[in-house]
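Peer 1: For reference, the file my_file_2.cif (mmCIF, C-alpha atoms) is included below:
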```
data_entry
loop_
_atom_site.group_PDB
_atom_site.id
_atom_site.type_symbol
_atom_site.label_atom_id
_atom_site.label_comp_id
_atom_site.auth_asym_id
_atom_site.auth_seq_id
_atom_site.Cartn_x
_atom_site.Cartn_y
_atom_site.Cartn_z
ATOM 1 C CA MET A 1296 22.000 -12.935 11.972
ATOM 2 C CA THR A 1297 23.893 -13.074 15.250
ATOM 3 C CA SER A 1298 23.075 -16.423 16.840
ATOM 4 C CA ILE A 1299 25.372 -19.425 16.552
ATOM 5 C CA ASP A 1300 22.927 -22.021 17.899
ATOM 6 C CA ARG A 1301 20.604 -23.013 15.054
ATOM 7 C CA SER A 1302 19.421 -26.352 16.383
ATOM 8 C CA MET A 1303 15.672 -26.886 15.958
ATOM 9 C CA THR A 1304 15.394 -30.019 18.069
ATOM 10 C CA GLY A 1305 11.943 -30.245 19.631
ATOM 11 C CA LYS A 1306 10.581 -27.250 17.696
ATOM 12 C CA THR A 1307 7.387 -27.382 15.644
ATOM 13 C CA VAL A 1308 7.488 -25.458 12.370
ATOM 14 C CA VAL A 1309 4.472 -24.806 10.142
ATOM 15 C CA ILE A 1310 5.405 -23.940 6.549
ATOM 16 C CA THR A 1311 2.777 -22.987 3.978
ATOM 17 C CA GLY A 1312 3.685 -23.466 0.349
ATOM 18 C CA ALA A 1313 5.960 -26.265 1.516
ATOM 19 C CA SER A 1314 5.336 -28.714 -1.311
ATOM 20 C CA SER A 1315 7.704 -26.979 -3.747
ATOM 21 C CA GLY A 1316 10.272 -24.210 -4.128
ATOM 22 C CA ILE A 1317 11.869 -22.508 -1.156
ATOM 23 C CA GLY A 1318 9.182 -23.875 1.182
ATOM 24 C CA ARG A 1319 10.156 -27.429 0.375
ATOM 25 C CA GLN A 1320 13.856 -26.654 0.719
ATOM 26 C CA ALA A 1321 13.285 -24.972 4.080
ATOM 27 C CA ALA A 1322 11.231 -27.943 5.281
ATOM 28 C CA THR A 1323 14.081 -30.287 4.389
ATOM 29 C CA GLU A 1324 16.795 -28.206 6.043
ATOM 30 C CA LEU A 1325 14.828 -27.427 9.217
ATOM 31 C CA ALA A 1326 13.886 -31.098 9.595
ATOM 32 C CA ASP A 1327 17.582 -31.949 9.296
ATOM 33 C CA ARG A 1328 18.165 -29.539 12.204
ATOM 34 C CA GLY A 1329 15.656 -31.456 14.329
ATOM 35 C CA ALA A 1330 12.357 -29.648 13.742
ATOM 36 C CA ARG A 1331 8.968 -31.287 13.423
ATOM 37 C CA ILE A 1332 7.495 -29.957 10.181
ATOM 38 C CA ALA A 1333 3.848 -29.326 9.339
ATOM 39 C CA VAL A 1334 3.928 -29.346 5.540
ATOM 40 C CA VAL A 1335 1.095 -27.203 4.196
ATOM 41 C CA GLY A 1336 0.292 -27.380 0.490
ATOM 42 C CA ARG A 1337 -2.627 -27.256 -1.906
ATOM 43 C CA HIS A 1338 -1.665 -30.395 -3.868
ATOM 44 C CA ARG A 1339 -2.175 -33.473 -1.700
ATOM 45 C CA ALA A 1340 0.248 -35.826 -3.467
ATOM 46 C CA ARG A 1341 3.103 -33.301 -3.425
ATOM 47 C CA ALA A 1342 2.522 -32.246 0.173
ATOM 48 C CA GLU A 1343 2.365 -35.853 1.360
ATOM 49 C CA ALA A 1344 5.536 -36.692 -0.559
ATOM 50 C CA VAL A 1345 7.446 -33.841 1.111
ATOM 51 C CA ALA A 1346 6.044 -34.782 4.522
ATOM 52 C CA ALA A 1347 7.254 -38.349 3.999
ATOM 53 C CA GLU A 1348 10.708 -37.094 3.018
ATOM 54 C CA VAL A 1349 11.117 -34.882 6.090
ATOM 55 C CA GLY A 1350 9.293 -37.057 8.604
ATOM 56 C CA GLY A 1351 6.556 -34.472 9.002
ATOM 57 C CA VAL A 1352 2.791 -34.291 8.605
ATOM 58 C CA ALA A 1353 0.942 -33.023 5.545
ATOM 59 C CA PHE A 1354 -1.925 -30.540 5.794
ATOM 60 C CA ILE A 1355 -3.905 -29.701 2.674
ATOM 61 C CA ALA A 1356 -5.388 -26.255 2.056
ATOM 62 C CA ASP A 1357 -6.186 -24.151 -0.997
ATOM 63 C CA PHE A 1358 -5.694 -20.482 -0.138
ATOM 64 C CA ASP A 1359 -8.207 -19.571 -2.849
ATOM 65 C CA ARG A 1360 -10.785 -20.823 -0.337
ATOM 66 C CA LEU A 1361 -10.922 -19.139 3.058
ATOM 67 C CA ASP A 1362 -12.933 -22.041 4.454
ATOM 68 C CA ASP A 1363 -9.890 -24.213 3.693
ATOM 69 C CA VAL A 1364 -7.795 -21.805 5.763
ATOM 70 C CA ARG A 1365 -10.228 -22.055 8.669
ATOM 71 C CA THR A 1366 -10.160 -25.845 8.490
ATOM 72 C CA LEU A 1367 -6.369 -25.775 8.273
ATOM 73 C CA ALA A 1368 -6.173 -23.681 11.434
ATOM 74 C CA ASP A 1369 -8.463 -26.101 13.278
ATOM 75 C CA ASP A 1370 -6.371 -29.063 12.114
ATOM 76 C CA LEU A 1371 -3.105 -27.415 13.152
ATOM 77 C CA LEU A 1372 -4.451 -26.464 16.572
ATOM 78 C CA PHE A 1373 -5.602 -30.043 17.094
ATOM 79 C CA ALA A 1374 -2.319 -31.584 15.933
ATOM 80 C CA CYS A 1375 0.210 -29.137 17.415
ATOM 81 C CA ASP A 1376 0.238 -28.401 21.129
ATOM 82 C CA ARG A 1377 2.789 -25.708 20.347
ATOM 83 C CA ILE A 1378 3.893 -23.840 17.220
ATOM 84 C CA ASP A 1379 7.382 -22.395 17.423
ATOM 85 C CA VAL A 1380 7.559 -21.045 13.870
ATOM 86 C CA LEU A 1381 4.821 -20.118 11.413
ATOM 87 C CA ALA A 1382 6.219 -19.516 7.928
ATOM 88 C CA ASN A 1383 3.645 -17.786 5.736
ATOM 89 C CA ASN A 1384 5.265 -18.724 2.454
ATOM 90 C CA ALA A 1385 2.387 -19.688 0.106
ATOM 91 C CA GLY A 1386 1.297 -17.357 -2.679
ATOM 92 C CA GLY A 1387 2.304 -16.218 -6.128
ATOM 93 C CA LEU A 1388 1.599 -14.140 -9.218
ATOM 94 C CA VAL A 1389 -1.696 -14.513 -11.101
ATOM 95 C CA PRO A 1390 -1.310 -13.343 -14.752
ATOM 96 C CA THR A 1391 -5.082 -13.038 -15.377
ATOM 97 C CA ARG A 1392 -7.381 -11.276 -12.940
ATOM 98 C CA THR A 1393 -9.857 -13.743 -11.460
ATOM 99 C CA LEU A 1394 -11.909 -13.916 -8.280
ATOM 100 C CA THR A 1395 -11.906 -16.619 -5.641
ATOM 101 C CA VAL A 1396 -15.038 -18.354 -4.384
ATOM 102 C CA ASP A 1397 -14.933 -15.789 -1.559
ATOM 103 C CA GLY A 1398 -15.207 -12.927 -4.066
ATOM 104 C CA HIS A 1399 -11.662 -11.578 -3.682
ATOM 105 C CA GLU A 1400 -8.997 -11.113 -6.340
ATOM 106 C CA ARG A 1401 -6.780 -14.201 -6.205
ATOM 107 C CA THR A 1402 -3.414 -12.479 -5.695
ATOM 108 C CA PHE A 1403 -4.748 -10.383 -2.838
ATOM 109 C CA GLN A 1404 -6.384 -13.373 -1.166
ATOM 110 C CA SER A 1405 -3.612 -15.948 -1.536
ATOM 111 C CA ASN A 1406 -0.729 -13.578 -0.750
ATOM 112 C CA HIS A 1407 -2.336 -11.500 1.995
ATOM 113 C CA LEU A 1408 -5.842 -12.342 3.180
ATOM 114 C CA ALA A 1409 -5.310 -16.091 3.619
ATOM 115 C CA PRO A 1410 -2.061 -15.815 5.631
ATOM 116 C CA PHE A 1411 -3.591 -12.944 7.609
ATOM 117 C CA LEU A 1412 -6.550 -15.162 8.527
ATOM 118 C CA LEU A 1413 -4.380 -18.174 9.319
ATOM 119 C CA THR A 1414 -2.150 -16.109 11.603
ATOM 120 C CA GLN A 1415 -5.182 -14.610 13.359
ATOM 121 C CA LEU A 1416 -6.712 -18.030 14.009
ATOM 122 C CA LEU A 1417 -3.430 -19.446 15.299
ATOM 123 C CA LEU A 1418 -2.468 -16.373 17.305
ATOM 124 C CA PRO A 1419 -3.424 -17.642 20.790
ATOM 125 C CA ARG A 1420 -1.276 -20.765 20.234
ATOM 126 C CA LEU A 1421 1.534 -18.645 18.774
ATOM 127 C CA ILE A 1422 1.491 -16.429 21.863
ATOM 128 C CA GLU A 1423 1.464 -19.454 24.188
ATOM 129 C CA SER A 1424 4.507 -20.806 22.322
ATOM 130 C CA GLY A 1425 6.432 -17.532 22.054
ATOM 131 C CA ALA A 1426 6.517 -18.190 18.327
ATOM 132 C CA ARG A 1427 8.226 -16.506 15.415
ATOM 133 C CA VAL A 1428 6.106 -15.596 12.382
ATOM 134 C CA ILE A 1429 8.026 -15.331 9.119
ATOM 135 C CA SER A 1430 6.351 -14.071 5.950
ATOM 136 C CA THR A 1431 7.725 -14.260 2.431
ATOM 137 C CA ALA A 1432 7.640 -10.797 0.876
ATOM 138 C CA SER A 1433 9.476 -9.545 -2.208
ATOM 139 C CA VAL A 1434 11.540 -6.656 -3.513
ATOM 140 C CA ALA A 1435 8.492 -6.194 -5.765
ATOM 141 C CA ASN A 1436 6.915 -4.359 -2.823
ATOM 142 C CA ARG A 1437 8.776 -1.278 -4.077
ATOM 143 C CA TRP A 1438 6.427 -0.870 -7.065
ATOM 144 C CA ALA A 1439 3.254 -1.343 -5.007
ATOM 145 C CA ARG A 1440 0.147 0.794 -5.531
ATOM 146 C CA LEU A 1441 -1.850 0.174 -2.369
ATOM 147 C CA ARG A 1442 -5.405 1.516 -2.230
ATOM 148 C CA LEU A 1443 -7.602 0.483 0.668
ATOM 149 C CA ASP A 1444 -10.648 1.337 -1.428
ATOM 150 C CA ASP A 1445 -9.579 -1.051 -4.225
ATOM 151 C CA LEU A 1446 -7.834 -3.994 -2.597
ATOM 152 C CA ASN A 1447 -9.362 -6.321 -5.201
ATOM 153 C CA TRP A 1448 -8.049 -4.351 -8.202
ATOM 154 C CA ALA A 1449 -11.489 -3.837 -9.731
ATOM 155 C CA GLN A 1450 -10.856 -0.190 -10.629
ATOM 156 C CA ARG A 1451 -7.371 -0.339 -12.181
ATOM 157 C CA PRO A 1452 -5.697 -1.919 -15.221
ATOM 158 C CA TRP A 1453 -4.452 -5.446 -14.517
ATOM 159 C CA LEU A 1454 -1.289 -5.325 -16.658
ATOM 160 C CA GLY A 1455 -0.337 -8.949 -16.136
ATOM 161 C CA GLY A 1456 -0.874 -8.806 -12.377
ATOM 162 C CA TRP A 1457 2.492 -7.289 -11.493
ATOM 163 C CA GLY A 1458 1.004 -4.267 -9.734
ATOM 164 C CA ALA A 1459 -1.269 -6.486 -7.667
ATOM 165 C CA TYR A 1460 1.620 -8.811 -6.862
ATOM 166 C CA GLY A 1461 3.924 -6.002 -5.724
ATOM 167 C CA THR A 1462 1.103 -4.484 -3.702
ATOM 168 C CA SER A 1463 0.405 -7.804 -1.985
ATOM 169 C CA LYS A 1464 4.044 -7.924 -0.913
ATOM 170 C CA LEU A 1465 3.843 -4.418 0.556
ATOM 171 C CA GLU A 1466 0.758 -5.694 2.383
ATOM 172 C CA THR A 1467 2.891 -8.563 3.706
ATOM 173 C CA ILE A 1468 5.424 -6.093 5.090
ATOM 174 C CA LEU A 1469 2.737 -3.872 6.637
ATOM 175 C CA PHE A 1470 1.029 -6.934 8.132
ATOM 176 C CA THR A 1471 4.332 -8.016 9.680
ATOM 177 C CA GLU A 1472 4.928 -4.568 11.150
ATOM 178 C CA GLU A 1473 1.432 -4.401 12.638
ATOM 179 C CA LEU A 1474 1.664 -7.957 13.960
ATOM 180 C CA ALA A 1475 4.901 -6.999 15.712
ATOM 181 C CA ARG A 1476 3.199 -3.987 17.285
ATOM 182 C CA ARG A 1477 0.140 -5.952 18.422
ATOM 183 C CA THR A 1478 2.171 -8.810 19.914
ATOM 184 C CA ALA A 1479 4.816 -6.663 21.607
ATOM 185 C CA GLY A 1480 5.608 -8.078 25.039
ATOM 186 C CA THR A 1481 4.023 -11.486 24.351
ATOM 187 C CA GLY A 1482 7.182 -13.310 23.235
ATOM 188 C CA VAL A 1483 6.015 -13.474 19.610
ATOM 189 C CA SER A 1484 8.329 -12.008 16.984
ATOM 190 C CA ALA A 1485 7.580 -11.323 13.320
ATOM 191 C CA TYR A 1486 9.784 -10.803 10.277
ATOM 192 C CA SER A 1487 9.305 -10.569 6.521
ATOM 193 C CA PHE A 1488 11.919 -11.167 3.850
ATOM 194 C CA HIS A 1489 12.749 -11.057 0.158
ATOM 195 C CA PRO A 1490 14.298 -14.402 -0.851
ATOM 196 C CA GLY A 1491 16.012 -13.085 -3.970
ATOM 197 C CA PHE A 1492 15.002 -13.699 -7.572
ATOM 198 C CA VAL A 1493 14.644 -17.469 -7.349
ATOM 199 C CA ALA A 1494 14.469 -19.744 -10.410
ATOM 200 C CA THR A 1495 11.248 -21.642 -9.617
ATOM 201 C CA SER A 1496 7.829 -22.039 -11.225
ATOM 202 C CA PHE A 1497 6.933 -18.552 -9.947
ATOM 203 C CA GLY A 1498 4.764 -16.627 -12.401
ATOM 204 C CA HIS A 1499 3.817 -19.674 -14.432
ATOM 205 C CA GLY A 1500 1.662 -18.422 -17.301
ATOM 206 C CA SER A 1501 3.041 -14.873 -17.163
ATOM 207 C CA PRO A 1502 4.174 -13.616 -20.612
ATOM 208 C CA LEU A 1503 6.899 -11.543 -18.948
ATOM 209 C CA MET A 1504 8.296 -14.526 -17.054
ATOM 210 C CA ALA A 1505 8.152 -16.594 -20.247
ATOM 211 C CA LEU A 1506 10.160 -13.879 -22.036
ATOM 212 C CA ILE A 1507 12.736 -13.766 -19.232
ATOM 213 C CA ALA A 1508 13.112 -17.537 -19.391
ATOM 214 C CA LEU A 1509 13.503 -17.398 -23.180
ATOM 215 C CA MET A 1510 16.038 -14.567 -23.165
ATOM 216 C CA SER A 1511 18.121 -16.204 -20.423
ATOM 217 C CA GLY A 1512 17.929 -19.680 -21.864
ATOM 218 C CA GLY A 1513 16.219 -20.777 -18.649
ATOM 219 C CA ARG A 1514 19.219 -19.728 -16.561
ATOM 220 C CA TYR A 1515 17.768 -16.731 -14.743
ATOM 221 C CA GLY A 1516 17.662 -16.327 -10.977
ATOM 222 C CA ILE A 1517 19.356 -17.928 -8.017
ATOM 223 C CA SER A 1518 18.899 -21.526 -6.928
ATOM 224 C CA VAL A 1519 16.079 -22.696 -4.684
ATOM 225 C CA GLU A 1520 18.727 -23.641 -2.109
ATOM 226 C CA ALA A 1521 20.009 -20.048 -2.032
ATOM 227 C CA GLY A 1522 16.509 -18.563 -1.989
ATOM 228 C CA ALA A 1523 15.505 -20.633 1.029
ATOM 229 C CA VAL A 1524 18.413 -19.427 3.161
ATOM 230 C CA PRO A 1525 16.685 -16.322 4.620
ATOM 231 C CA LEU A 1526 13.635 -18.365 5.644
ATOM 232 C CA ILE A 1527 15.800 -21.074 7.189
ATOM 233 C CA GLU A 1528 17.972 -18.590 9.066
ATOM 234 C CA LEU A 1529 15.068 -16.501 10.346
ATOM 235 C CA ALA A 1530 13.383 -19.682 11.563
ATOM 236 C CA SER A 1531 16.401 -21.123 13.331
ATOM 237 C CA THR A 1532 18.470 -18.148 14.515
ATOM 238 C CA LEU A 1533 17.738 -17.289 18.136
ATOM 239 C CA ASP A 1534 18.437 -13.584 17.639
ATOM 240 C CA PRO A 1535 18.197 -12.163 14.102
ATOM 241 C CA GLY A 1536 19.824 -8.966 15.374
ATOM 242 C CA PHE A 1537 16.928 -6.694 14.391
ATOM 243 C CA PRO A 1538 13.665 -5.834 16.144
ATOM 244 C CA SER A 1539 10.403 -7.648 15.511
ATOM 245 C CA GLY A 1540 8.694 -6.244 12.426
ATOM 246 C CA THR A 1541 11.885 -5.895 10.374
ATOM 247 C CA TYR A 1542 11.927 -6.578 6.641
ATOM 248 C CA PHE A 1543 15.005 -8.429 5.358
ATOM 249 C CA ASP A 1544 16.302 -8.207 1.800
ATOM 250 C CA THR A 1545 17.760 -11.719 1.684
ATOM 251 C CA LEU A 1546 19.965 -11.635 4.820
ATOM 252 C CA THR A 1547 20.197 -7.837 5.101
ATOM 253 C CA GLY A 1548 17.990 -6.297 7.760
ATOM 254 C CA ASN A 1549 16.081 -3.096 7.040
ATOM 255 C CA GLY A 1550 16.108 -3.762 3.304
ATOM 256 C CA ARG A 1551 14.914 -1.128 0.858
ATOM 257 C CA ARG A 1552 11.132 -0.866 0.897
ATOM 258 C CA HIS A 1553 8.280 1.106 -0.576
ATOM 259 C CA ARG A 1554 7.898 4.564 0.953
ATOM 260 C CA LEU A 1555 4.599 3.463 2.573
ATOM 261 C CA ALA A 1556 6.279 0.642 4.497
ATOM 262 C CA GLY A 1557 6.669 1.788 8.073
ATOM 263 C CA ASP A 1558 3.433 3.830 7.964
ATOM 264 C CA ALA A 1559 1.858 2.703 11.241
ATOM 265 C CA ASP A 1560 -1.530 4.264 10.491
ATOM 266 C CA LEU A 1561 -1.719 2.528 7.112
ATOM 267 C CA ALA A 1562 -0.648 -0.799 8.641
ATOM 268 C CA ALA A 1563 -3.369 -0.513 11.290
ATOM 269 C CA ALA A 1564 -5.984 0.432 8.684
ATOM 270 C CA LEU A 1565 -4.997 -2.501 6.455
ATOM 271 C CA TRP A 1566 -5.214 -4.838 9.460
ATOM 272 C CA GLN A 1567 -8.688 -3.556 10.334
ATOM 273 C CA ARG A 1568 -9.931 -3.833 6.748
ATOM 274 C CA SER A 1569 -8.466 -7.318 6.360
ATOM 275 C CA ALA A 1570 -10.141 -8.450 9.583
ATOM 276 C CA GLU A 1571 -13.471 -7.167 8.299
ATOM 277 C CA LEU A 1572 -13.058 -8.992 4.979
ATOM 278 C CA VAL A 1573 -12.322 -12.366 6.589
ATOM 279 C CA GLY A 1574 -14.858 -11.934 9.398
ATOM 280 C CA CYS A 1575 -12.214 -12.092 12.107
ATOM 281 C CA VAL A 1576 -12.223 -9.909 15.225
ATOM 282 C CA PRO A 1577 -8.928 -7.966 15.362
ATOM 283 C CA ALA A 1578 -6.664 -8.998 18.257
ATOM 284 C CA ARG A 1579 -5.337 -6.414 20.705
#
```
Take the structure in the file and give it back as structure tokens.

Peer 2:
Amino acid sequence: MTSIDRSMTGKTVVITGASSGIGRQAATELADRGARIAVVGRHRARAEAVAAEVGGVAFIADFDRLDDVRTLADDLLFACDRIDVLANNAGGLVPTRTLTVDGHERTFQSNHLAPFLLTQLLLPRLIESGARVISTASVANRWARLRLDDLNWAQRPWLGGWGAYGTSKLETILFTEELARRTAGTGVSAYSFHPGFVATSFGHGSPLMALIALMSGGRYGISVEAGAVPLIELASTLDPGFPSGTYFDTLTGNGRRHRLAGDADLAAALWQRSAELVGCVPAR
């Protein structure tokens, strides 16, 4: 990160998954730097509480429902005449394979399809604003097993959802790379990042996470404050020092990724397939 000026005065920042964890911490810090925060969460009481704390506005959406995402986009476009930062931060690990009301596996939808759709619907406003799109990925992308013919994990063992989770994070990186390509020359920039192994409610219900918590005495991982730093810095730094599309491992640009990351043909194919699944015409 090369910029010294990190003031966010007058900037509008949309953060999904902002009612807890690193999203909430980022909302607090960016509001302290002067930003207007759109707090997006699935739990109304929590989202409204965070919005009250940061002087922002709460928007409620459940990413297990794509109609909620469409309504969210409409509400954001009505409320925000500009969007300077879109932080696609919502998502998580689902220990038991289940389908959403839209017929998609929950991890795939909440971690990839929903933020893909939201970004698509907001894209004209993002281009008008010269926005930055920041997506929360994970080092787990390195154990991904991406198959375009089985995005919903109907043909493979579930194994606690870790393969699907890692794959969704590779999809986040590929989405970011393709978004950077498609918005080149518009003023929009896009980055993805791994926040570190953060001690939050991530993986609630996962036997593996329960074992890690037991073995560590509940002292595993870095703090939420530390985990939010990459999101905060990517949102507020004028020049991250790396080209649009870069994946950061915490604050290190060009972090280690799955061998398929950087495959432009795969990124374009995933974009096309995702657009078909959400009924959205691909841009550019």

Peer 1: Grab the CA of Leu1572 in chain A to CA of Ser1405 in chain A distance for me, in Å with one decimal place.

Peer 2: 13.4 Å

Peer 1: When the PyMOL selection byres ((chain A and resi 1420) around 10) is applied to the structure above, which residues does it catch, written out as an NGL selection string?

Peer 2: :A and (1371-1372 or 1375-1379 or 1414 or 1416-1419 or 1421-1426)

Peer 1: Which residues fall under the PyMOL selection byres ((chain A and resi 1327) around 12) in this file, as a list in words?

Peer 2: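 So the PyMOL selection byres ((chain A and resi 1327) around 12) ends up selecting Arg1301, Ser1302, Met1303, Thr1304, Gly1305, Lys1306, Gln1320, Ala1321, Ala1322, Thr1323, Glu1324, Leu1325, Ala1326, Arg1328, Gly1329, Ala1330, Arg1331, Ile1332, Glu1348, Val1349, Gly1350, Gly1351, Ile1527 and Ser1531 of chain A.
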
Peer 1: Report, in Å with one decimal, the straight-line distance from CA of Trp1453 in chain A to CA of Thr1467 in chain A.

Peer 2: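 Taking CA of Trp1453 in chain A and CA of Thr1467 in chain A, their separation equals 19.9 Å.
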
Peer 1: Separation of CA of Pro1535 in chain A and CA of Leu1555 in chain A, in Å?

Peer 2: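 For CA of Pro1535 in chain A relative to CA of Leu1555 in chain A, the distance reads 23.7 Å.
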
Peer 1: Go through A:Tyr1460, A:Ala1344, A:Phe1411, A:Leu1441 and flag the residue nearest Gly1387 in chain A, using all atoms listed in the file for the distances.

Peer 2: A:Tyr1460

Peer 1: Could you state which residues are captured by the PyMOL selection byres ((chain A and resi 1444-1449) around 8) in this file, as a short mmCIF file (atom, residue, chain, number, x, y, z; two decimals) with C-alpha atoms, keeping the file's coordinate frame?

Peer 2:
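Saved result, result08.cif, follows:
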```cif
data_model
loop_
_atom_site.label_atom_id
_atom_site.label_comp_id
_atom_site.auth_asym_id
_atom_site.auth_seq_id
_atom_site.Cartn_x
_atom_site.Cartn_y
_atom_site.Cartn_z
CA HIS A 1399 -11.66 -11.58 -3.68
CA GLU A 1400 -9.00 -11.11 -6.34
CA PHE A 1403 -4.75 -10.38 -2.84
CA LEU A 1441 -1.85 0.17 -2.37
CA ARG A 1442 -5.40 1.52 -2.23
CA LEU A 1443 -7.60 0.48 0.67
CA GLN A 1450 -10.86 -0.19 -10.63
CA ARG A 1451 -7.37 -0.34 -12.18
CA PRO A 1452 -5.70 -1.92 -15.22
CA TRP A 1453 -4.45 -5.45 -14.52
CA ALA A 1459 -1.27 -6.49 -7.67
#
```

Peer 1: For Glu1520 in chain A, work out the shell of residues within 10 Å, counting only C-alpha atoms and skipping chain neighbours fewer than 3 positions away, then give it as a PyMOL selection string.

Peer 2: chain A and resi 1316-1317+1319-1321+1324+1493+1517+1523-1524

Peer 1: Do a neighbour search on Asp1363 in chain A at 12 Å with only C-alpha atoms, toss out local chain neighbours closer than 4 positions, and write the hits as a list in words.

Peer 2: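 Near Asp1363 in chain A, the qualifying residues are Val1335, Gly1336, Arg1337, Phe1354, Ile1355, Ala1356, Asp1357, Phe1358, Asp1359, Leu1367, Ala1368, Asp1369, Asp1370, Val1396, Asp1397, Ser1405, Ala1409, Pro1410, Leu1412 and Leu1413 of chain A.
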
Peer 1: Would you kindly return, as a list in words, each protein, DNA or RNA residue with an atom no farther than 10 Å from any atom of Phe1537 in chain A, considering all atoms listed in the file and excluding same-chain residues fewer than 3 positions away?

Peer 2: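 Neighbouring residues, sequence-local ones excluded: Met1296, Thr1297, Tyr1486, Asp1534, Gly1540, Thr1541, Tyr1542, Phe1543, Thr1547, Gly1548 and Asn1549 of chain A.
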
Peer 1: Looking at A:Leu1388, A:Gly1398, A:Ser1539, A:Arg1568, which one is nearest to Arg1477 in chain A, with distances taken over all atoms listed in the file?

Peer 2: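 Nearest candidate to Arg1477 in chain A out of A:Leu1388, A:Gly1398, A:Ser1539, A:Arg1568: A:Ser1539.
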
Peer 1: Considering only C-alpha atoms, return as a ChimeraX atom specification whatever protein or nucleic-acid residues lie within 7 Å of Glu1343 in chain A, sequence-local ones (same chain, fewer than 4 positions apart) excluded.

Peer 2: /A:1339,1347,1353

Peer 1: Filtering to C-alpha atoms, could you give me those residues as a PDB file, in the coordinates of the input?

Peer 2:
```pdb
ATOM      1  CA  ARG A1339      -2.175 -33.473  -1.700  1.00  0.00           C
ATOM      2  CA  ALA A1347       7.254 -38.349   3.999  1.00  0.00           C
ATOM      3  CA  ALA A1353       0.942 -33.023   5.545  1.00  0.00           C
TER       4      ALA A1353
END
```
